[in-house]
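Asks: Right, I'll just put the structure down here and ask away after.
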Amino acid sequence: MPIGVPIEFAGVTKRFGAVNAVNDLSFTVEPGRVTGFLGPNGAGKTTSLRMLLGLVRPTSGTATFGGVPYRQLPNPLTAVGAALEAASFHPGRTARNHLGVYAAAAGLDKARVDIVLGKVGLSEYADRRVGGYSLGMRQRLGLAGTLLGDPGVLVLDEPINGLDPEGIKWIRLFLRELAAEGRTVLVSSHLLSEVQQSVDDVVIIARGQLVHRGPLSSLDTEATPHVIVNSPTPEALAAALTAAGLSHAPARAGLLVAASDPAQIGHVAFAAGVEISVLHRQETGLEDSFLSLIAGGGER
Amino acid sequence: MTFTRALSAEFLKLFSTRLWWILALVLFLYVGVMAGGLGALFGWAATGGDASAAGVSPLPPGMNLHAVIYSMASSIGYVFPVLLGAFAVTGEFRHQTLTPTFLATPRRGIVLSAKVVAMLLVGALFGVIAWASTVGLGAAALGAFNLDTALDSSDTWAMVGRGVLAMALWAAVGVGLGALVPSQVAALIIVIAFTQFLEPVLRLVSSFNEVTANIARFLPGAASDSLVGASFYSVAMPGGSAETLFWWQGGLVLLAIAVVTTVAGYFTSWRRDVT
Ligand SMILES: Nc1ncnc2c1ncn2[C@@H]1O[C@H](COP(=O)(O)OP(=O)(O)O)[C@@H](O)[C@H]1O
Ligand SMILES: [Mg+2]
């Protein structure tokens, strides 16, 4: 069973003319875990991954697999499997021949082609031209390509785009399985919700810069806590909160108070003799803290 | 090791899509019909048909009609291996298959040299197909008018060998062109415009003056005809087969064009970021 190596970005920067696509990016991706590489469209995810894979030359910095740049790996397909967004196929070639070409280039056993086609559920369509494939089937073929050399590291750019709900469920299990086998799995997405159920760690970038990294649960504590409170006499409630030194703002369901403990708000209202109709902690959720991170961070 | 793997990947790429056999089939029919047709036309003219009425000029004295007819395989067929070689490169850009290609073989120079070698071999295959067609149909036409087919002459078969070599070199030139002009449409337009219009006109115009005729010998099509040792142009040109290079010089000119364009393409498009 292949064991993954860490992926290391160290001060990676890429400028396309005047466009600062990636800016001084440094982070490490650990083996045995699924790491979500997140950021809005245009954040620089694809560019970062292409630099990691030796397809784009960084303006400065290095990205390596356990210290070895992709171009210096002795037989890269056996160490790293990568599927990039806008998966690239010749439309006139069958899936079997497509994989056969790259298996030959890496000197892999031809039997691997059928094995990986089976793993992604494409055996039935192996001899069809890829031009007739749906987006979901192309994504699966891209994944099959990553598995050809049974590599310890997987790098997947937006692999969930275009999959149907069944496909999404399938890929989640698939990613978890790969990490459980000890492989390094780096998977990019512009939606946290897409990968939330399968990732252990997150690396979040916005406008080419790192804005957050850590375990998925670290996103929880990032959120500023709020309490929602309402009253039949909102003016009196607002006055009581102001008197108690609590900042608040009108919200759809009442007042949004910058506090973490609903009991504290209840006490303020009780002491001021204000009747309360709603009182609860606002569920911010991971998605909200993700959105606030990518909205605020990475200013140039 | 990496090179032989890359080479076998290049052959699989070529033979797993339809382009190669479509080009080969059109090549076979095109040069075959031209050679058979021209052989029949000249055969009819030479054996006392009413040539002047049909507008066919009598043959220049001392011309080897069979050589002119057989060599149409390369003198008009060379555009096919060029297109094959060019598409082998431009197709990778167009379908974004450079990404998986460079992921499997990150040393890009190896990929490009494997393409050149693969195309030399498949270009030679195209040569065999084209010469089989012109010699087969051309000889049949000449034989029908009792003209000399020269199939028993070793000179004829030496010419066929040089002709196959010329087609191999043309496919390598195509690789260089594709690397230099990675846009498939632009490469196609350049190939068609240069081979079907620009070079014929240049060869015709330059042949009126000794100095320009000397320079025009180095035009790729002219160099190829020198390599083969016969040309359809020797009939079409007013000066006949005026100045030509030695056959080996013609071969070296083609080889130089292939090497220079491939190296230039490597340093321009091939090493660029793949985004
Ligand atoms: N070849 C290129 N030339 C110029 N700008 C580019 C090129 N590729 C990407 N960019 C720019 O770099 C930025 C990051 O793009 P990308 O890495 O594709 O982001 P993401 O994958 O996160 O959506 C964008 O502003 C994009 O327009
Ligand atoms: Mg992207």
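Following the order of the structure tokens, chains are lettered A, B, ..., residues in each are numbered from 1, and ligands are numbered from 1.
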Ligand 1: which residues are within 6 Å, counting only C-alpha atoms and all ligand atoms? Reply as a list of chain:residue names.

Replies: A:Phe16, A:Val19, A:Ala21, A:Asn41, A:Gly42, A:Ala43, A:Gly44, A:Lys45, A:Thr46, A:Thr47, B:Thr275

Asks: Please determine the contact residues of chain A with respect to chain B at a cut-off of 7 Å, counting only C-alpha atoms, and supply them as a list in words.

Replies: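 Per the criterion, chain A yields Leu55, Val56, Arg57, Arg71, Pro76, Leu77, Ser88, Phe89, His90, Gly92, Arg93, Asn97, Val101, Tyr102, Ala104, Ala105, Ala106 and Gly107 of chain A.
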
Asks: Taking N, CA and C atoms for each residue, export the selection above as a short mmCIF file (atom, residue, chain, number, x, y, z; two decimals), in the first residue's frame.

Replies:
```cif
data_model
loop_
_atom_site.label_atom_id
_atom_site.label_comp_id
_atom_site.auth_asym_id
_atom_site.auth_seq_id
_atom_site.Cartn_x
_atom_site.Cartn_y
_atom_site.Cartn_z
N LEU A 55 3.53 22.29 -14.05
CA LEU A 55 2.95 22.73 -15.33
C LEU A 55 3.09 24.23 -15.52
N VAL A 56 3.15 24.94 -14.40
CA VAL A 56 3.32 26.40 -14.41
C VAL A 56 4.56 26.71 -13.58
N ARG A 57 5.40 27.58 -14.12
CA ARG A 57 6.64 27.92 -13.42
C ARG A 57 6.35 29.04 -12.41
N ARG A 71 8.78 17.74 -11.19
CA ARG A 71 9.58 17.43 -12.38
C ARG A 71 10.78 16.55 -12.08
N PRO A 76 6.69 10.11 -12.10
CA PRO A 76 5.71 10.85 -11.33
C PRO A 76 4.34 10.18 -11.17
N LEU A 77 3.86 9.47 -12.20
CA LEU A 77 2.51 8.91 -12.07
C LEU A 77 2.43 7.85 -10.97
N SER A 88 -8.66 17.18 -19.49
CA SER A 88 -8.26 17.30 -20.88
C SER A 88 -8.22 15.96 -21.57
N PHE A 89 -9.09 15.82 -22.56
CA PHE A 89 -9.15 14.58 -23.32
C PHE A 89 -9.24 14.90 -24.80
N HIS A 90 -8.75 14.00 -25.63
CA HIS A 90 -9.03 14.10 -27.06
C HIS A 90 -10.41 13.49 -27.26
N GLY A 92 -11.94 12.30 -29.65
CA GLY A 92 -12.05 11.15 -30.54
C GLY A 92 -11.43 9.88 -30.01
N ARG A 93 -10.87 9.95 -28.81
CA ARG A 93 -10.19 8.79 -28.24
C ARG A 93 -11.13 8.12 -27.23
N ASN A 97 -8.30 3.89 -24.45
CA ASN A 97 -7.10 4.36 -25.15
C ASN A 97 -6.48 5.58 -24.49
N VAL A 101 -2.61 5.52 -23.24
CA VAL A 101 -1.53 6.42 -23.66
C VAL A 101 -0.65 6.80 -22.47
N TYR A 102 -1.29 7.17 -21.35
CA TYR A 102 -0.50 7.68 -20.23
C TYR A 102 0.11 6.53 -19.41
N ALA A 104 1.28 3.93 -20.89
CA ALA A 104 2.48 3.64 -21.68
C ALA A 104 3.58 4.65 -21.37
N ALA A 105 3.20 5.92 -21.28
CA ALA A 105 4.20 6.96 -21.03
C ALA A 105 4.89 6.76 -19.68
N ALA A 106 4.16 6.16 -18.72
CA ALA A 106 4.75 5.93 -17.40
C ALA A 106 5.26 4.50 -17.25
N GLY A 107 5.18 3.71 -18.32
CA GLY A 107 5.67 2.35 -18.27
C GLY A 107 4.86 1.45 -17.34
#
```

Asks: Check every protein, DNA and RNA residue against ligand 2, keep those with an atom at most 12 Å away (counting only C-alpha atoms and all ligand atoms), and present them as number ranges by chain.

Replies: A: 21, 37-50, 83-87, 156-159, 161, 187-191, 205, 208; B: 275

Asks: Suppose we keep N, CA and C atoms; can you now write the selection as an mmCIF file, in the first residue's frame?

Replies:
```
data_model
loop_
_atom_site.group_PDB
_atom_site.id
_atom_site.type_symbol
_atom_site.label_atom_id
_atom_site.label_comp_id
_atom_site.auth_asym_id
_atom_site.auth_seq_id
_atom_site.Cartn_x
_atom_site.Cartn_y
_atom_site.Cartn_z
ATOM 1 N N ALA A 21 -1.600 36.293 -9.356
ATOM 2 C CA ALA A 21 -2.521 35.168 -9.196
ATOM 3 C C ALA A 21 -2.337 34.468 -7.851
ATOM 4 N N PHE A 37 -8.784 22.376 -0.248
ATOM 5 C CA PHE A 37 -8.079 23.593 -0.672
ATOM 6 C C PHE A 37 -9.157 24.523 -1.213
ATOM 7 N N LEU A 38 -9.544 25.494 -0.386
ATOM 8 C CA LEU A 38 -10.766 26.243 -0.658
ATOM 9 C C LEU A 38 -10.506 27.710 -0.976
ATOM 10 N N GLY A 39 -11.400 28.263 -1.735
ATOM 11 C CA GLY A 39 -11.331 29.678 -2.081
ATOM 12 C C GLY A 39 -12.302 29.956 -3.198
ATOM 13 N N PRO A 40 -12.756 31.212 -3.308
ATOM 14 C CA PRO A 40 -13.727 31.533 -4.364
ATOM 15 C C PRO A 40 -13.089 31.399 -5.749
ATOM 16 N N ASN A 41 -13.914 31.456 -6.797
ATOM 17 C CA ASN A 41 -13.386 31.418 -8.160
ATOM 18 C C ASN A 41 -12.380 32.538 -8.352
ATOM 19 N N GLY A 42 -11.265 32.210 -8.982
ATOM 20 C CA GLY A 42 -10.240 33.224 -9.234
ATOM 21 C C GLY A 42 -9.297 33.434 -8.069
ATOM 22 N N ALA A 43 -9.446 32.634 -7.000
ATOM 23 C CA ALA A 43 -8.603 32.819 -5.812
ATOM 24 C C ALA A 43 -7.161 32.378 -6.076
ATOM 25 N N GLY A 44 -6.969 31.509 -7.062
ATOM 26 C CA GLY A 44 -5.614 31.043 -7.374
ATOM 27 C C GLY A 44 -5.405 29.565 -7.065
ATOM 28 N N LYS A 45 -6.479 28.812 -6.883
ATOM 29 C CA LYS A 45 -6.355 27.388 -6.552
ATOM 30 C C LYS A 45 -5.724 26.609 -7.702
ATOM 31 N N THR A 46 -6.311 26.754 -8.890
ATOM 32 C CA THR A 46 -5.805 25.998 -10.036
ATOM 33 C C THR A 46 -4.353 26.361 -10.332
ATOM 34 N N THR A 47 -4.049 27.654 -10.285
ATOM 35 C CA THR A 47 -2.673 28.095 -10.540
ATOM 36 C C THR A 47 -1.716 27.474 -9.527
ATOM 37 N N SER A 48 -2.104 27.458 -8.256
ATOM 38 C CA SER A 48 -1.251 26.861 -7.217
ATOM 39 C C SER A 48 -1.001 25.388 -7.501
ATOM 40 N N LEU A 49 -2.071 24.662 -7.857
ATOM 41 C CA LEU A 49 -1.926 23.229 -8.094
ATOM 42 C C LEU A 49 -1.079 22.976 -9.339
ATOM 43 N N ARG A 50 -1.240 23.811 -10.369
ATOM 44 C CA ARG A 50 -0.431 23.635 -11.584
ATOM 45 C C ARG A 50 1.048 23.919 -11.308
ATOM 46 N N ALA A 83 -5.698 15.211 -11.096
ATOM 47 C CA ALA A 83 -6.756 15.503 -12.065
ATOM 48 C C ALA A 83 -7.034 16.986 -11.958
ATOM 49 N N LEU A 84 -6.875 17.685 -13.070
ATOM 50 C CA LEU A 84 -7.066 19.134 -13.031
ATOM 51 C C LEU A 84 -8.400 19.500 -13.636
ATOM 52 N N GLU A 85 -8.893 20.606 -13.190
ATOM 53 C CA GLU A 85 -10.143 21.164 -13.685
ATOM 54 C C GLU A 85 -10.085 21.220 -15.207
ATOM 55 N N ALA A 86 -11.240 21.233 -15.841
ATOM 56 C CA ALA A 86 -11.293 21.232 -17.294
ATOM 57 C C ALA A 86 -10.488 20.051 -17.799
ATOM 58 N N ALA A 87 -10.799 18.885 -17.272
ATOM 59 C CA ALA A 87 -10.070 17.665 -17.609
ATOM 60 C C ALA A 87 -9.853 17.595 -19.101
ATOM 61 N N LEU A 156 -6.500 16.804 -6.576
ATOM 62 C CA LEU A 156 -7.717 16.866 -7.380
ATOM 63 C C LEU A 156 -8.260 18.293 -7.393
ATOM 64 N N ASP A 157 -8.411 18.846 -8.593
ATOM 65 C CA ASP A 157 -8.914 20.207 -8.717
ATOM 66 C C ASP A 157 -10.400 20.186 -9.053
ATOM 67 N N GLU A 158 -11.218 20.641 -8.132
ATOM 68 C CA GLU A 158 -12.679 20.701 -8.319
ATOM 69 C C GLU A 158 -13.262 19.392 -8.854
ATOM 70 N N PRO A 159 -12.984 18.262 -8.190
ATOM 71 C CA PRO A 159 -13.446 16.986 -8.755
ATOM 72 C C PRO A 159 -14.949 16.788 -8.621
ATOM 73 N N ASN A 161 -17.347 19.164 -9.185
ATOM 74 C CA ASN A 161 -18.071 19.909 -10.217
ATOM 75 C C ASN A 161 -18.711 18.973 -11.223
ATOM 76 N N VAL A 187 -7.742 18.272 -2.177
ATOM 77 C CA VAL A 187 -8.878 18.422 -3.069
ATOM 78 C C VAL A 187 -9.382 19.867 -3.020
ATOM 79 N N SER A 188 -9.459 20.497 -4.190
ATOM 80 C CA SER A 188 -9.858 21.907 -4.192
ATOM 81 C C SER A 188 -11.350 22.042 -4.463
ATOM 82 N N SER A 189 -11.903 23.147 -4.001
ATOM 83 C CA SER A 189 -13.307 23.449 -4.268
ATOM 84 C C SER A 189 -13.552 24.919 -3.989
ATOM 85 N N HIS A 190 -14.546 25.491 -4.673
ATOM 86 C CA HIS A 190 -14.907 26.866 -4.326
ATOM 87 C C HIS A 190 -16.077 26.893 -3.353
ATOM 88 N N LEU A 191 -16.580 25.707 -3.023
ATOM 89 C CA LEU A 191 -17.688 25.624 -2.066
ATOM 90 C C LEU A 191 -17.290 24.742 -0.888
ATOM 91 N N ILE A 205 -7.762 30.052 0.685
ATOM 92 C CA ILE A 205 -7.084 31.194 0.081
ATOM 93 C C ILE A 205 -8.118 32.132 -0.522
ATOM 94 N N GLY A 208 -5.388 35.032 -3.972
ATOM 95 C CA GLY A 208 -4.011 34.565 -4.075
ATOM 96 C C GLY A 208 -3.272 34.421 -2.765
ATOM 97 N N THR B 275 -1.648 26.423 -18.677
ATOM 98 C CA THR B 275 -2.710 26.886 -17.760
ATOM 99 C C THR B 275 -4.088 26.502 -18.266
#
```

Asks: I need the residue nearest A:Val120 from this list: A:Ala144, A:Val22, A:Val155, A:Ile294. Use only C-alpha atoms for the distance.

Replies: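 Of A:Ala144, A:Val22, A:Val155, A:Ile294, the one nearest A:Val120 is A:Ala144, counting only C-alpha atoms.
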
Asks: Tell me, which residues of stretch 102-288 of chain A carry DSSP strand (DSSP E), written as a ChimeraX atom specification?

Replies: /A:153-157,184-189,201-206,209-215,227-230,248-251,254-257,278-281

Asks: Restricted to N, CA, C and O atoms, what would the selected residues look like written as a short mmCIF file (atom, residue, chain, number, x, y, z; two decimals), in the first residue's frame?

Replies:
```cif
data_model
loop_
_atom_site.label_atom_id
_atom_site.label_comp_id
_atom_site.auth_asym_id
_atom_site.auth_seq_id
_atom_site.Cartn_x
_atom_site.Cartn_y
_atom_site.Cartn_z
N VAL A 153 0.01 10.05 -3.33
CA VAL A 153 -0.49 11.42 -3.21
C VAL A 153 -1.52 11.67 -4.30
O VAL A 153 -1.30 11.32 -5.46
N LEU A 154 -2.66 12.27 -3.92
CA LEU A 154 -3.67 12.62 -4.91
C LEU A 154 -3.94 14.12 -4.87
O LEU A 154 -4.12 14.69 -3.79
N VAL A 155 -3.94 14.74 -6.03
CA VAL A 155 -4.19 16.16 -6.15
C VAL A 155 -5.37 16.34 -7.10
O VAL A 155 -5.26 16.03 -8.29
N LEU A 156 -6.50 16.80 -6.58
CA LEU A 156 -7.72 16.87 -7.38
C LEU A 156 -8.26 18.29 -7.39
O LEU A 156 -8.54 18.87 -6.34
N ASP A 157 -8.41 18.85 -8.59
CA ASP A 157 -8.91 20.21 -8.72
C ASP A 157 -10.40 20.19 -9.05
O ASP A 157 -10.79 19.74 -10.13
N THR A 184 -1.94 10.91 0.85
CA THR A 184 -2.14 12.35 1.00
C THR A 184 -3.20 12.76 -0.02
O THR A 184 -3.05 12.46 -1.21
N VAL A 185 -4.25 13.41 0.41
CA VAL A 185 -5.32 13.79 -0.52
C VAL A 185 -5.57 15.29 -0.42
O VAL A 185 -5.96 15.80 0.63
N LEU A 186 -5.30 16.00 -1.51
CA LEU A 186 -5.55 17.44 -1.57
C LEU A 186 -6.64 17.67 -2.61
O LEU A 186 -6.49 17.30 -3.77
N VAL A 187 -7.74 18.27 -2.18
CA VAL A 187 -8.88 18.42 -3.07
C VAL A 187 -9.38 19.87 -3.02
O VAL A 187 -9.65 20.39 -1.95
N SER A 188 -9.46 20.50 -4.19
CA SER A 188 -9.86 21.91 -4.19
C SER A 188 -11.35 22.04 -4.46
O SER A 188 -11.98 21.16 -5.05
N SER A 189 -11.90 23.15 -4.00
CA SER A 189 -13.31 23.45 -4.27
C SER A 189 -13.55 24.92 -3.99
O SER A 189 -12.85 25.52 -3.19
N ASP A 201 -8.87 18.61 7.08
CA ASP A 201 -8.20 19.90 7.22
C ASP A 201 -8.68 20.84 6.11
O ASP A 201 -9.13 20.39 5.06
N VAL A 202 -8.53 22.12 6.37
CA VAL A 202 -8.82 23.09 5.33
C VAL A 202 -7.65 24.06 5.16
O VAL A 202 -6.98 24.40 6.14
N VAL A 203 -7.43 24.44 3.90
CA VAL A 203 -6.50 25.52 3.57
C VAL A 203 -7.34 26.48 2.74
O VAL A 203 -7.86 26.10 1.69
N ILE A 204 -7.51 27.69 3.24
CA ILE A 204 -8.39 28.63 2.55
C ILE A 204 -7.57 29.78 1.98
O ILE A 204 -6.74 30.37 2.68
N ILE A 205 -7.76 30.05 0.69
CA ILE A 205 -7.08 31.19 0.08
C ILE A 205 -8.12 32.13 -0.52
O ILE A 205 -9.23 31.72 -0.88
N ALA A 206 -7.75 33.40 -0.59
CA ALA A 206 -8.59 34.40 -1.24
C ALA A 206 -7.66 35.40 -1.89
O ALA A 206 -6.64 35.78 -1.30
N GLN A 209 -3.95 34.73 -1.63
CA GLN A 209 -3.25 34.66 -0.35
C GLN A 209 -3.92 33.70 0.62
O GLN A 209 -5.13 33.52 0.59
N LEU A 210 -3.07 33.13 1.47
CA LEU A 210 -3.58 32.24 2.50
C LEU A 210 -4.36 33.06 3.52
O LEU A 210 -3.87 34.07 4.02
N VAL A 211 -5.61 32.64 3.83
CA VAL A 211 -6.35 33.35 4.87
C VAL A 211 -6.63 32.47 6.08
O VAL A 211 -6.89 32.98 7.17
N HIS A 212 -6.58 31.17 5.91
CA HIS A 212 -6.82 30.31 7.07
C HIS A 212 -6.32 28.91 6.78
O HIS A 212 -6.40 28.43 5.66
N ARG A 213 -5.79 28.24 7.80
CA ARG A 213 -5.47 26.83 7.66
C ARG A 213 -5.63 26.16 9.00
O ARG A 213 -5.45 26.78 10.05
N GLY A 214 -5.99 24.90 8.99
CA GLY A 214 -6.17 24.17 10.24
C GLY A 214 -7.19 23.07 10.03
O GLY A 214 -7.68 22.87 8.92
N PRO A 215 -7.51 22.35 11.12
CA PRO A 215 -8.54 21.32 11.00
C PRO A 215 -9.90 21.97 10.70
O PRO A 215 -10.10 23.16 10.98
N VAL A 227 -26.18 36.44 19.54
CA VAL A 227 -27.43 35.97 20.12
C VAL A 227 -28.56 36.75 19.45
O VAL A 227 -28.45 37.94 19.20
N ILE A 228 -29.63 36.02 19.11
CA ILE A 228 -30.82 36.66 18.54
C ILE A 228 -31.85 36.80 19.68
O ILE A 228 -32.11 35.85 20.41
N VAL A 229 -32.39 38.01 19.81
CA VAL A 229 -33.38 38.24 20.87
C VAL A 229 -34.47 39.13 20.31
O VAL A 229 -34.23 39.98 19.47
N ASN A 230 -35.74 38.87 20.76
CA ASN A 230 -36.85 39.72 20.32
C ASN A 230 -37.84 39.93 21.46
O ASN A 230 -37.83 39.18 22.44
N HIS A 248 -25.73 46.05 19.47
CA HIS A 248 -26.76 45.24 18.82
C HIS A 248 -27.14 45.87 17.50
O HIS A 248 -26.86 47.04 17.25
N ALA A 249 -27.79 45.06 16.66
CA ALA A 249 -28.23 45.54 15.34
C ALA A 249 -29.55 44.88 15.00
O ALA A 249 -29.81 43.76 15.45
N PRO A 250 -30.40 45.59 14.26
CA PRO A 250 -31.68 44.97 13.88
C PRO A 250 -31.44 43.78 12.96
O PRO A 250 -30.58 43.83 12.08
N ALA A 251 -32.17 42.70 13.17
CA ALA A 251 -32.08 41.53 12.30
C ALA A 251 -33.49 41.13 11.91
O ALA A 251 -34.46 41.69 12.42
N GLY A 254 -35.53 39.92 14.91
CA GLY A 254 -35.38 40.68 16.17
C GLY A 254 -34.07 41.45 16.17
O GLY A 254 -33.72 42.10 15.19
N LEU A 255 -33.36 41.38 17.32
CA LEU A 255 -32.08 42.10 17.43
C LEU A 255 -30.94 41.09 17.47
O LEU A 255 -31.03 40.05 18.11
N LEU A 256 -29.85 41.45 16.77
CA LEU A 256 -28.65 40.61 16.75
C LEU A 256 -27.66 41.22 17.74
O LEU A 256 -27.21 42.35 17.56
N VAL A 257 -27.36 40.48 18.79
CA VAL A 257 -26.52 41.04 19.86
C VAL A 257 -25.16 40.36 19.83
O VAL A 257 -25.06 39.13 19.71
N VAL A 278 -38.34 35.90 21.86
CA VAL A 278 -37.37 35.02 21.19
C VAL A 278 -36.03 35.20 21.89
O VAL A 278 -35.65 36.33 22.21
N LEU A 279 -35.36 34.10 22.16
CA LEU A 279 -34.00 34.22 22.70
C LEU A 279 -33.23 32.95 22.36
O LEU A 279 -33.55 31.87 22.84
N HIS A 280 -32.23 33.09 21.44
CA HIS A 280 -31.39 31.92 21.15
C HIS A 280 -30.05 32.35 20.57
O HIS A 280 -29.89 33.46 20.09
N ARG A 281 -29.13 31.42 20.64
CA ARG A 281 -27.82 31.64 20.06
C ARG A 281 -27.93 31.49 18.54
O ARG A 281 -28.60 30.58 18.06
#
```

Asks: So how far away is atom CA of B:Val228 from atom CA of B:Thr212, in Å?

Replies: 21.8 Å

Asks: If you count only C-alpha atoms, which residues fall within 9 Å of B:Leu180, apart from same-chain ones fewer than 6 positions away, as a list in words?

Replies: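 Near B:Leu180, the qualifying residues are Ala187, Thr261, Thr262, Val263, Ala264, Gly265, Tyr266, Phe267, Thr268, Ser269 and Trp270 of chain B.
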
Asks: Keeping only N, CA, C and O atoms, write the selected residues as a PDB file, in the first residue's frame.

Replies:
```pdb
ATOM      1  N   ALA B 187      -1.798  26.907 -38.089  1.00  0.00           N
ATOM      2  CA  ALA B 187      -0.854  25.971 -38.693  1.00  0.00           C
ATOM      3  C   ALA B 187      -1.413  25.428 -40.007  1.00  0.00           C
ATOM      4  O   ALA B 187      -0.701  25.347 -41.014  1.00  0.00           O
ATOM      5  N   THR B 261      13.059  24.558 -36.760  1.00  0.00           N
ATOM      6  CA  THR B 261      11.695  24.895 -36.321  1.00  0.00           C
ATOM      7  C   THR B 261      11.361  24.178 -35.014  1.00  0.00           C
ATOM      8  O   THR B 261      10.726  24.757 -34.128  1.00  0.00           O
ATOM      9  N   THR B 262      11.802  22.931 -34.862  1.00  0.00           N
ATOM     10  CA  THR B 262      11.485  22.196 -33.633  1.00  0.00           C
ATOM     11  C   THR B 262      12.162  22.836 -32.420  1.00  0.00           C
ATOM     12  O   THR B 262      11.536  23.020 -31.375  1.00  0.00           O
ATOM     13  N   VAL B 263      13.446  23.184 -32.578  1.00  0.00           N
ATOM     14  CA  VAL B 263      14.159  23.804 -31.459  1.00  0.00           C
ATOM     15  C   VAL B 263      13.547  25.167 -31.130  1.00  0.00           C
ATOM     16  O   VAL B 263      13.308  25.499 -29.958  1.00  0.00           O
ATOM     17  N   ALA B 264      13.225  25.940 -32.170  1.00  0.00           N
ATOM     18  CA  ALA B 264      12.601  27.254 -31.932  1.00  0.00           C
ATOM     19  C   ALA B 264      11.247  27.075 -31.253  1.00  0.00           C
ATOM     20  O   ALA B 264      10.892  27.811 -30.326  1.00  0.00           O
ATOM     21  N   GLY B 265      10.477  26.071 -31.683  1.00  0.00           N
ATOM     22  CA  GLY B 265       9.174  25.805 -31.073  1.00  0.00           C
ATOM     23  C   GLY B 265       9.321  25.388 -29.617  1.00  0.00           C
ATOM     24  O   GLY B 265       8.528  25.775 -28.761  1.00  0.00           O
ATOM     25  N   TYR B 266      10.361  24.605 -29.333  1.00  0.00           N
ATOM     26  CA  TYR B 266      10.607  24.180 -27.951  1.00  0.00           C
ATOM     27  C   TYR B 266      10.805  25.397 -27.049  1.00  0.00           C
ATOM     28  O   TYR B 266      10.234  25.482 -25.963  1.00  0.00           O
ATOM     29  N   PHE B 267      11.615  26.343 -27.533  1.00  0.00           N
ATOM     30  CA  PHE B 267      11.926  27.502 -26.688  1.00  0.00           C
ATOM     31  C   PHE B 267      10.787  28.525 -26.645  1.00  0.00           C
ATOM     32  O   PHE B 267      10.792  29.408 -25.802  1.00  0.00           O
ATOM     33  N   THR B 268       9.838  28.426 -27.563  1.00  0.00           N
ATOM     34  CA  THR B 268       8.716  29.371 -27.496  1.00  0.00           C
ATOM     35  C   THR B 268       7.505  28.701 -26.858  1.00  0.00           C
ATOM     36  O   THR B 268       7.301  28.800 -25.661  1.00  0.00           O
ATOM     37  N   SER B 269       6.711  27.954 -27.640  1.00  0.00           N
ATOM     38  CA  SER B 269       5.446  27.438 -27.105  1.00  0.00           C
ATOM     39  C   SER B 269       5.609  26.268 -26.138  1.00  0.00           C
ATOM     40  O   SER B 269       4.876  26.158 -25.162  1.00  0.00           O
ATOM     41  N   TRP B 270       6.577  25.408 -26.408  1.00  0.00           N
ATOM     42  CA  TRP B 270       6.610  24.126 -25.687  1.00  0.00           C
ATOM     43  C   TRP B 270       6.973  24.283 -24.221  1.00  0.00           C
ATOM     44  O   TRP B 270       6.575  23.467 -23.382  1.00  0.00           O
TER      45      TRP B 270
END
```

Asks: When DSSP is applied to the backbone of this structure, which of stretch 42-225 of chain B are assigned helix (DSSP H, G or I)? Write them out as a PyMOL selection string.

Replies: chain B and resi 42-46+51-54+65-70+72-75+79-94+98-104+108-144+154-180+184-206+210-216+220-225

Asks: Between B:Ala132, B:Leu137, B:Val260, B:Leu84, which one has atoms that come closest to B:Met119, using only C-alpha atoms?

Replies: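 Smallest separation from B:Met119 among the options: B:Leu84.
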
Asks: Hey, what's within 12 Å of B:Phe126 if we count only C-alpha atoms and toss same-chain stuff fewer than 2 positions away? As an NGL selection string, please?

Replies: :B and (20-28 or 31 or 73-74 or 77-85 or 119-124 or 128-133 or 163-171)

Asks: Would you pick out the contacts of A:Leu286 at 8 Å or less, using only C-alpha atoms, so that residues sharing its chain but fewer than 2 positions from it are not included, and give the list as a list in words?

Replies: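 These residues fall inside the cut-off: Leu219, Asp220, Thr284, Asp288, Ser289 and Phe290 of chain A.
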
Asks: Given the selection you just returned, output its residues as a file containing N, CA, C and O atoms, formatted as a short mmCIF file (atom, residue, chain, number, x, y, z; two decimals), in the first residue's frame.

Replies:
```cif
data_model
loop_
_atom_site.label_atom_id
_atom_site.label_comp_id
_atom_site.auth_asym_id
_atom_site.auth_seq_id
_atom_site.Cartn_x
_atom_site.Cartn_y
_atom_site.Cartn_z
N LEU A 219 -12.69 26.15 11.96
CA LEU A 219 -13.55 27.18 11.35
C LEU A 219 -14.63 27.62 12.32
O LEU A 219 -15.08 28.76 12.30
N ASP A 220 -15.07 26.69 13.20
CA ASP A 220 -16.12 26.99 14.17
C ASP A 220 -15.74 28.14 15.07
O ASP A 220 -16.51 29.07 15.29
N THR A 284 -24.05 30.18 13.47
CA THR A 284 -23.32 30.77 12.35
C THR A 284 -22.90 29.71 11.35
O THR A 284 -22.98 29.90 10.16
N ASP A 288 -20.67 30.19 7.12
CA ASP A 288 -20.60 31.63 7.38
C ASP A 288 -19.19 32.09 7.69
O ASP A 288 -18.74 33.12 7.21
N SER A 289 -18.49 31.29 8.51
CA SER A 289 -17.13 31.73 8.83
C SER A 289 -16.24 31.61 7.61
O SER A 289 -15.36 32.44 7.38
N PHE A 290 -16.53 30.60 6.74
CA PHE A 290 -15.79 30.49 5.48
C PHE A 290 -16.01 31.74 4.64
O PHE A 290 -15.08 32.37 4.14
#
```

Asks: Have a look at atom CA of B:Gly37 and atom CA of B:Arg217 and let me know their distance in Å, one decimal.

Replies: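 Between these atoms lies a distance of 27.9 Å.
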